[in-house]
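Here's the structure, in structure tokens; my notes come after.
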Amino acid sequence: MKKFTLLTIVLALMASLALAGCSSEGSSGEKDGKTTISFIHWRGEDVEVFNELIAKFEEENPEIKVDMTAYPSEQYQSTAQTLLRDGTTGDVFVSMPGSQFEIIQKAGFFEDLSGEEFVSNFNESLLDVGQSEGKQYALPYQLVFNQPIYNAGIFEELGLEPPTDWEGFLALCETLKENGYTPIAFPGADIGPGQFMNAMMMNNATDEEVFTKLVNGEVKLTDEWWVKTLAQFKELNDKEYFQDNALGTKHDGAIALVGQEKAAMLATGSYAMANIKSHKEDVKLNLLAPITVSESEAKYEGIHTTTFMLAVNSKSEKQEQAKAFIEFLSKPENASMYANKTGQHLTVNDVNYESEVLKDTVHWMDKNTRFQPRYLIPNADVEKAVVGSIQDVLSGTDPKEAAKKAQQIVDQNLN
């Protein structure tokens with residue numbers, strides 16, 4: 001009797017576990033006749049707009065449900081590869097160009113999208129950062145200008161124009177400071193060093209292969225191009241052109257300083273314009289880049305990045321549904337909705353820009369801008385060393401010593 005009872009309990013337990021397994025599989029894959037796909041990215045500020053787009057997509061595709069998760073940018077950069085590993089998360093995911101793209105590509109998590117018809121919805125000349133070995137693994141969605149935003153109203157009030165050389169940029173900052181404004185809101189606690197470095201170095205090292213040469217041992221951070229860049233960061237800091245406790249300020253805090261018109265410039269990029277306007281809707285914004293050389297020596301006017309690269313997880317069992325969602329996002333009417341509600345320029349063809357911010361800055365598409373140098377650093381440890389040397393200088397380290405310390409890390413990671 002006892003044996004019978006024990007056998008009954010075991011069989012019942014096995015049955016319940018089997019049912020639980022079926023239930024679990026149904027919740028992550030199919031439920032109520034719908035297939036649920038996971039969409040992961042890092043732009044928490046875009047969640048509201050994506051929710052609207054997802055609702056529209058689900059209405060047009062009633063057999064598909066989209067489950068979206070937005071992670072903090074730093075967390076996403078460090079954990080995306082782990083999230084993708086088993087194929088249950090990130091059926092559609094987003095990659096940053098540069099080292100993250102390289103890591104994910106080497107791990108084999110990108111599905112090849114080369115033959116998909118919706119690739120033609122994108123501007124062909126802006127797709128190369130999502131390519132490897134002749135295949136299109138990811139589709140950049142955003143065209144970002146990674147250079148300071150400035151309050152055009154303050155500039156007009158003081159009769160200021162974007163400068164064309166380094167001495168002019170210093171004079172601009174001094175005038176702003178004398179008139180009670182913090183010249184540059186600098187989020188040194190998170191993204192500031194890795195963003196502002198691009199415009200600061202673009203004309204100090206005009207060779208777009210400079211970081212590839214760095215990891216190959218052909219150039220060094222102790223060379224003039226990087227020591228000069230660090231010295232110019234030090235000059236801005238020593239002259240108090242950054243806000244107090246710049247290294248303790250996060251991006252949201254720096255945005256607030258500009259939105260409240262306490263600071264005249266924000267040292268990040270065009271993607272922050274919508275957040276600034278959330279503090280003061282009628283603020284007039286535009287873009288500039290510091291020219292760190294003489295006007296005659298300047299080759300580049302600014303920095304651009306094609307980023308927020310849409311991709312399909314090669315481990316996913318729901319690739320067709322994932323591709324349907326990317327196709328939806330790449331249709332001009334949906335891309336236009338995203339662009340105008342988030343203040344982002346896009347790589348999609350035939351986008352209709354209606355927002356004031358985008359109209360005011362669309363002329364930057366015709367300027368001689370350089371692809372963001374930091375995203376061309378092919379080694380994540382080297383990237384951290386480069387960015388860290390800026391933080392070291394702002395903490396008081398001599399530029400030459402900071403460059404030497406960073407170069408030691410580079411030497412450990414030479415190809």
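Ordering of the structure tokens sets the chain letters (A, B, ...); residue numbers start at 1 within each chain; ligands are numbered from 1 in the order shown.
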Just the residues within 8 Å of range 95-111 of chain A, please, counting only C-alpha atoms, with nothing from its chain fewer than 6 positions along; format it as number ranges by chain.
A: 41, 77, 81, 84-85, 129-130, 137-138, 306-315, 374-380
Could the residues of range 123-235 of chain A that have an atom at most 10 Å from range 336-360 of chain A be listed as a Markdown table, each with its closest atom pair and the distance in Å to one decimal, counting only C-alpha atoms and ordered by chain and ascending residue number?
| residue | atom | partner | partner_atom | distance |
| --- | --- | --- | --- | --- |
| A:Asn123 | CA | A:Thr347 | CA | 5.6 |
| A:Glu124 | CA | A:Thr347 | CA | 8.7 |
| A:Ser125 | CA | A:Thr347 | CA | 9.1 |
| A:Leu126 | CA | A:Thr347 | CA | 6.6 |
| A:Leu127 | CA | A:Thr347 | CA | 8.2 |
| A:Leu139 | CA | A:Thr347 | CA | 8.8 |
| A:Pro140 | CA | A:Thr347 | CA | 6.7 |
| A:Tyr141 | CA | A:Thr347 | CA | 5.4 |
| A:Gln142 | CA | A:Leu346 | CA | 4.3 |
| A:Leu143 | CA | A:Leu346 | CA | 4.9 |
| A:Val144 | CA | A:His345 | CA | 6.5 |
| A:Phe145 | CA | A:His345 | CA | 8.9 |
Give me a file of those residues, with N, CA and C atoms, as a short mmCIF file (atom, residue, chain, number, x, y, z; two decimals), in the first residue's frame.
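What ended up in out.cif:
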data_model
loop_
_atom_site.label_atom_id
_atom_site.label_comp_id
_atom_site.auth_asym_id
_atom_site.auth_seq_id
_atom_site.Cartn_x
_atom_site.Cartn_y
_atom_site.Cartn_z
N ASN A 123 19.11 54.03 -45.98
CA ASN A 123 20.09 54.71 -46.81
C ASN A 123 21.34 53.84 -46.93
N GLU A 124 21.58 53.35 -48.13
CA GLU A 124 22.66 52.38 -48.35
C GLU A 124 24.02 52.90 -47.89
N SER A 125 24.25 54.20 -48.02
CA SER A 125 25.57 54.76 -47.69
C SER A 125 25.82 54.81 -46.19
N LEU A 126 24.79 54.54 -45.38
CA LEU A 126 24.94 54.63 -43.92
C LEU A 126 24.92 53.27 -43.23
N LEU A 127 25.00 52.20 -44.00
CA LEU A 127 24.82 50.86 -43.43
C LEU A 127 26.11 50.12 -43.13
N LEU A 139 21.24 46.79 -38.81
CA LEU A 139 20.78 47.94 -39.59
C LEU A 139 20.73 49.17 -38.69
N PRO A 140 21.69 50.09 -38.85
CA PRO A 140 21.65 51.31 -38.04
C PRO A 140 20.35 52.06 -38.26
N TYR A 141 19.71 52.47 -37.18
CA TYR A 141 18.41 53.14 -37.26
C TYR A 141 18.54 54.65 -37.04
N GLN A 142 19.46 55.05 -36.18
CA GLN A 142 19.60 56.45 -35.84
C GLN A 142 20.84 57.06 -36.49
N LEU A 143 20.70 58.30 -36.92
CA LEU A 143 21.83 59.12 -37.36
C LEU A 143 22.00 60.20 -36.30
N VAL A 144 23.05 60.06 -35.51
CA VAL A 144 23.27 60.92 -34.35
C VAL A 144 24.47 61.82 -34.60
N PHE A 145 24.41 63.03 -34.08
CA PHE A 145 25.56 63.93 -34.12
C PHE A 145 26.12 64.03 -32.71
#
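You will find CA of Ala406 in chain A at 26.6 Å from CA of Lys299 in chain A.
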Test item: residues at most 8 Å from Asn146 in chain A, only C-alpha atoms, excluding those fewer than 2 positions along its chain, as number ranges by chain
A: 144, 148, 195-196, 198-199, 268-270, 302-305, 372
Restrict the selected residues to C-alpha atoms and save them as an mmCIF file, in the first residue's frame.
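Once everything was written out, this is again_32.cif:
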data_model
loop_
_atom_site.group_PDB
_atom_site.id
_atom_site.type_symbol
_atom_site.label_atom_id
_atom_site.label_comp_id
_atom_site.auth_asym_id
_atom_site.auth_seq_id
_atom_site.Cartn_x
_atom_site.Cartn_y
_atom_site.Cartn_z
ATOM 1 C CA VAL A 144 23.268 60.917 -34.354
ATOM 2 C CA PRO A 148 27.760 69.629 -28.097
ATOM 3 C CA GLN A 195 31.118 61.400 -26.122
ATOM 4 C CA PHE A 196 33.000 64.703 -25.928
ATOM 5 C CA ASN A 198 35.148 62.505 -30.391
ATOM 6 C CA ALA A 199 34.760 66.175 -31.282
ATOM 7 C CA THR A 268 27.040 64.861 -25.473
ATOM 8 C CA GLY A 269 24.988 64.800 -28.678
ATOM 9 C CA SER A 270 21.826 65.455 -30.651
ATOM 10 C CA GLY A 302 31.596 67.648 -36.558
ATOM 11 C CA ILE A 303 30.885 64.049 -35.575
ATOM 12 C CA HIS A 304 28.165 61.656 -36.685
ATOM 13 C CA THR A 305 27.275 58.117 -35.694
ATOM 14 C CA GLN A 372 32.519 58.754 -34.192
#
Considering only C-alpha atoms, state which residue in the set A:Lys367, A:Lys400, A:Lys65, A:His279 is at the smallest distance from Asp252 in chain A.
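Nearest candidate to Asp252 in chain A out of A:Lys367, A:Lys400, A:Lys65, A:His279: A:His279.
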Contacts of Glu224 in chain A at 10 Å or less, counting only C-alpha atoms, minus same-chain residues fewer than 6 places along, as a ChimeraX atom specification?
/A:204-205,230,400
Going by DSSP on the backbone, which bits of range 228-296 of chain A are helix (DSSP H, G or I)? Write them as a PyMOL selection string, please.
chain A and resi 228-238+246-248+251-259+270-279+295-296
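Backbone DSSP over range 342-402 of chain A yields strand (DSSP E) at His345, Leu346, Thr369, Arg370 and Phe371 of chain A.
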